[in-house]
Amino acid sequence: MTVPALQQGDFVWCAFPEREVPLRPGPLHVAYTLAVASVAGSYGVMAAYTTSQPWAGTLPQGVIAFDSAEAAGLGQARAFVLDLRRLAYLPLTAAWFPRVAEEGAGVLGRAPKALRDRVNAMATDLVKRRPETLSRSGPLWGPVA
């Protein structure tokens with residue numbers, strides 16, 4: 001098994017599944033890589049949803065907003081929101097990561113260690129204390145209730 005092209009903390013082009021069809025690749029979208037793990041002789045990626053749509057109102061637990069300056073430092077073209085409540089567990093394949101075979105593997109930027117640590121702590125807290133707020137998709141999790 002070769003070393004995976006993605007690492008924890010990468011912002012990467014991904015076919016993030018839509019809520020209506022949670023087990024199928026969705027349109028090309030930027031996702032945050034929470035983890036990369038060995039799965040049955042290959043690799044699986046735990047990814048979190050991002051959106052450039054402005055968030056109205058107070059940010060709920062598990063949602064982090066980045067202004068345009070912060071976004072630029074993370075390889076993003078504009079301000080965005082990282083939603084740790086919306087997760088996908090996906091195989092590291094071209095179907096789910098269409099640019100993985102290209103130079104740079106479709107990675108737009110990487111979070112610095114301090115941000116990775118903050119995001120991981122928030123995600124872990126959500127899983128432990130607020131699991132009912134999570135939306136899980138992707139074939140490595142199996143059917144979504």
# chains A, B, ... in the order shown; residues from 1 in each chain; ligands from 1
call {"tool": "select_by_dssp", "arguments": {"residues": "range 69-118 of chain A", "states": "alpha helix (DSSP H)", "output": "compact mmCIF listing (two decimals) with C-alpha atoms, in the first residue's frame"}}
result
# COMPACT_ATOMS: atom_id res chain seq x y z
CA ALA A 69 -7.67 36.85 5.01
CA GLU A 70 -7.77 33.62 7.04
CA ALA A 71 -9.18 31.77 4.04
CA ALA A 72 -6.34 32.97 1.79
CA GLY A 73 -3.83 31.56 4.27
CA LYS A 113 -0.90 22.46 13.37
CA ALA A 114 -2.63 24.80 15.84
CA LEU A 115 -5.75 24.92 13.68
CA ARG A 116 -5.67 21.16 13.06
CA ASP A 117 -5.50 20.60 16.82
CA ARG A 118 -8.40 23.03 17.42
call {"tool": "residues_around", "arguments": {"residues": "Gly44 in chain A", "least_positions_apart": "3", "cutoff": "6 Å", "atoms": "only C-alpha atoms", "output": "ChimeraX atom specification"}}
result
/A:36-37,39,90-92
call {"tool": "write_last_selection", "arguments": {"atoms": "C-alpha atoms", "output": "JSON list (two decimals), in the first residue's frame"}}
result
[["chain", "number", "residue", "atom", "x", "y", "z"],
["A", 36, "VAL", "CA", -6.83, 9.48, 6.62],
["A", 37, "ALA", "CA", -6.85, 5.83, 7.69],
["A", 39, "VAL", "CA", -9.26, 0.61, 5.31],
["A", 90, "LEU", "CA", -15.06, 8.20, 1.89],
["A", 91, "PRO", "CA", -12.71, 5.87, 0.04],
["A", 92, "LEU", "CA", -9.62, 7.64, -1.30]]
call {"tool": "atom_distance", "arguments": {"atom1": "CA of Arg110 in chain A", "atom2": "CA of Leu134 in chain A"}}
result
23.7 Å
call {"tool": "residues_around", "arguments": {"residues": "range 125-133 of chain A", "least_positions_apart": "2", "cutoff": "7 Å", "atoms": "only C-alpha atoms", "output": "VMD selection string"}}
result
chain A and resid 62 85 121 to 123 135
call {"tool": "closest_residue", "arguments": {"among": "A:Thr50, A:Asn120, A:Gln7, A:Thr58", "to": "Ala105 in chain A", "atoms": "only C-alpha atoms"}}
result
A:Gln7
call {"tool": "select_by_dssp", "arguments": {"residues": "chain A", "states": "strand (DSSP E or B)", "output": "ChimeraX atom specification"}}
result
/A:10-14,29-39,42-51,63-66,80-91,107-110,135-137
call {"tool": "write_last_selection", "arguments": {"atoms": "C-alpha atoms", "output": "JSON list (two decimals), in the first residue's frame"}}
result
[["chain", "number", "residue", "atom", "x", "y", "z"],
["A", 10, "ASP", "CA", -5.81, 19.33, 3.92],
["A", 11, "PHE", "CA", -8.45, 21.38, 2.17],
["A", 12, "VAL", "CA", -9.09, 19.25, -0.89],
["A", 13, "TRP", "CA", -11.36, 18.98, -3.92],
["A", 14, "CYS", "CA", -13.85, 16.23, -3.17],
["A", 29, "HIS", "CA", -16.63, 20.68, -3.56],
["A", 30, "VAL", "CA", -13.89, 21.70, -1.12],
["A", 31, "ALA", "CA", -13.73, 19.49, 1.98],
["A", 32, "TYR", "CA", -11.54, 19.49, 5.07],
["A", 33, "THR", "CA", -9.60, 16.28, 5.77],
["A", 34, "LEU", "CA", -10.11, 15.29, 9.40],
["A", 35, "ALA", "CA", -8.29, 11.98, 9.08],
["A", 36, "VAL", "CA", -6.83, 9.48, 6.62],
["A", 37, "ALA", "CA", -6.85, 5.83, 7.69],
["A", 38, "SER", "CA", -6.04, 2.43, 6.27],
["A", 39, "VAL", "CA", -9.26, 0.61, 5.31],
["A", 42, "SER", "CA", -6.72, 0.98, 0.79],
["A", 43, "TYR", "CA", -7.37, 4.34, 2.43],
["A", 44, "GLY", "CA", -10.45, 6.06, 3.79],
["A", 45, "VAL", "CA", -10.82, 9.78, 4.38],
["A", 46, "MET", "CA", -12.93, 11.37, 7.10],
["A", 47, "ALA", "CA", -13.94, 14.70, 5.59],
["A", 48, "ALA", "CA", -15.90, 17.68, 6.87],
["A", 49, "TYR", "CA", -18.06, 20.00, 4.79],
["A", 50, "THR", "CA", -17.14, 23.56, 3.88],
["A", 51, "THR", "CA", -19.22, 26.27, 2.26],
["A", 63, "VAL", "CA", -19.05, 25.49, 12.92],
["A", 64, "ILE", "CA", -16.00, 27.70, 12.32],
["A", 65, "ALA", "CA", -16.04, 30.80, 10.11],
["A", 66, "PHE", "CA", -12.92, 32.03, 8.32],
["A", 80, "PHE", "CA", -15.81, 30.19, 4.11],
["A", 81, "VAL", "CA", -17.37, 28.14, 6.87],
["A", 82, "LEU", "CA", -16.18, 24.72, 8.07],
["A", 83, "ASP", "CA", -19.08, 22.64, 9.37],
["A", 84, "LEU", "CA", -17.85, 19.80, 11.56],
["A", 85, "ARG", "CA", -21.43, 18.61, 12.06],
["A", 86, "ARG", "CA", -21.54, 17.40, 8.45],
["A", 87, "LEU", "CA", -19.11, 14.53, 7.97],
["A", 88, "ALA", "CA", -18.38, 12.01, 5.23],
["A", 89, "TYR", "CA", -16.29, 8.84, 5.42],
["A", 90, "LEU", "CA", -15.06, 8.20, 1.89],
["A", 91, "PRO", "CA", -12.71, 5.87, 0.04],
["A", 107, "VAL", "CA", -5.11, 19.91, -2.25],
["A", 108, "LEU", "CA", -5.77, 23.64, -2.10],
["A", 109, "GLY", "CA", -4.10, 24.28, 1.24],
["A", 110, "ARG", "CA", -3.27, 22.77, 4.61],
["A", 135, "SER", "CA", -24.90, 14.30, 9.71],
["A", 136, "ARG", "CA", -22.93, 11.28, 8.46],
["A", 137, "SER", "CA", -22.59, 10.25, 4.83]]
call {"tool": "atom_distance", "arguments": {"atom1": "CA of Gly106 in chain A", "atom2": "CA of Ala15 in chain A"}}
result
11.4 Å
call {"tool": "decode", "arguments": {"residues": "range 10-69 of chain A", "atoms": "C-alpha atoms", "output": "mmCIF file, in the first residue's frame"}}
result
data_model
loop_
_atom_site.group_PDB
_atom_site.id
_atom_site.type_symbol
_atom_site.label_atom_id
_atom_site.label_comp_id
_atom_site.auth_asym_id
_atom_site.auth_seq_id
_atom_site.Cartn_x
_atom_site.Cartn_y
_atom_site.Cartn_z
ATOM 1 C CA ASP A 10 -5.805 19.329 3.922
ATOM 2 C CA PHE A 11 -8.452 21.378 2.169
ATOM 3 C CA VAL A 12 -9.094 19.251 -0.891
ATOM 4 C CA TRP A 13 -11.361 18.976 -3.925
ATOM 5 C CA CYS A 14 -13.849 16.229 -3.174
ATOM 6 C CA ALA A 15 -17.109 14.844 -4.578
ATOM 7 C CA PHE A 16 -18.721 15.426 -1.163
ATOM 8 C CA PRO A 17 -22.029 13.546 -1.015
ATOM 9 C CA GLU A 18 -25.246 15.518 -0.968
ATOM 10 C CA ARG A 19 -27.745 14.900 1.824
ATOM 11 C CA GLU A 20 -30.317 13.552 -0.635
ATOM 12 C CA VAL A 21 -27.945 10.812 -1.888
ATOM 13 C CA PRO A 22 -25.469 10.274 0.974
ATOM 14 C CA LEU A 23 -23.779 7.173 -0.468
ATOM 15 C CA ARG A 24 -22.948 8.590 -3.917
ATOM 16 C CA PRO A 25 -20.326 11.120 -5.011
ATOM 17 C CA GLY A 26 -21.729 14.627 -5.234
ATOM 18 C CA PRO A 27 -20.598 17.686 -7.174
ATOM 19 C CA LEU A 28 -17.000 18.855 -6.849
ATOM 20 C CA HIS A 29 -16.631 20.684 -3.561
ATOM 21 C CA VAL A 30 -13.891 21.703 -1.118
ATOM 22 C CA ALA A 31 -13.733 19.486 1.978
ATOM 23 C CA TYR A 32 -11.538 19.493 5.073
ATOM 24 C CA THR A 33 -9.596 16.282 5.766
ATOM 25 C CA LEU A 34 -10.106 15.289 9.397
ATOM 26 C CA ALA A 35 -8.285 11.980 9.078
ATOM 27 C CA VAL A 36 -6.830 9.483 6.619
ATOM 28 C CA ALA A 37 -6.855 5.830 7.695
ATOM 29 C CA SER A 38 -6.038 2.428 6.274
ATOM 30 C CA VAL A 39 -9.256 0.615 5.313
ATOM 31 C CA ALA A 40 -9.243 -2.915 3.853
ATOM 32 C CA GLY A 41 -5.967 -2.542 1.961
ATOM 33 C CA SER A 42 -6.722 0.981 0.791
ATOM 34 C CA TYR A 43 -7.369 4.337 2.430
ATOM 35 C CA GLY A 44 -10.452 6.057 3.793
ATOM 36 C CA VAL A 45 -10.823 9.775 4.376
ATOM 37 C CA MET A 46 -12.926 11.371 7.099
ATOM 38 C CA ALA A 47 -13.943 14.695 5.588
ATOM 39 C CA ALA A 48 -15.904 17.684 6.868
ATOM 40 C CA TYR A 49 -18.065 20.002 4.790
ATOM 41 C CA THR A 50 -17.144 23.559 3.875
ATOM 42 C CA THR A 51 -19.220 26.274 2.262
ATOM 43 C CA SER A 52 -18.537 29.784 1.026
ATOM 44 C CA GLN A 53 -22.155 30.735 1.691
ATOM 45 C CA PRO A 54 -22.270 33.324 4.480
ATOM 46 C CA TRP A 55 -23.635 32.024 7.791
ATOM 47 C CA ALA A 56 -26.629 33.959 9.114
ATOM 48 C CA GLY A 57 -26.813 34.398 12.874
ATOM 49 C CA THR A 58 -24.761 32.868 15.647
ATOM 50 C CA LEU A 59 -22.468 30.002 14.705
ATOM 51 C CA PRO A 60 -23.555 26.722 16.314
ATOM 52 C CA GLN A 61 -21.118 24.425 18.099
ATOM 53 C CA GLY A 62 -18.922 22.702 15.511
ATOM 54 C CA VAL A 63 -19.047 25.489 12.924
ATOM 55 C CA ILE A 64 -16.004 27.699 12.320
ATOM 56 C CA ALA A 65 -16.042 30.799 10.111
ATOM 57 C CA PHE A 66 -12.917 32.027 8.315
ATOM 58 C CA ASP A 67 -12.751 35.563 6.928
ATOM 59 C CA SER A 68 -11.148 36.252 3.560
ATOM 60 C CA ALA A 69 -7.667 36.851 5.010
#
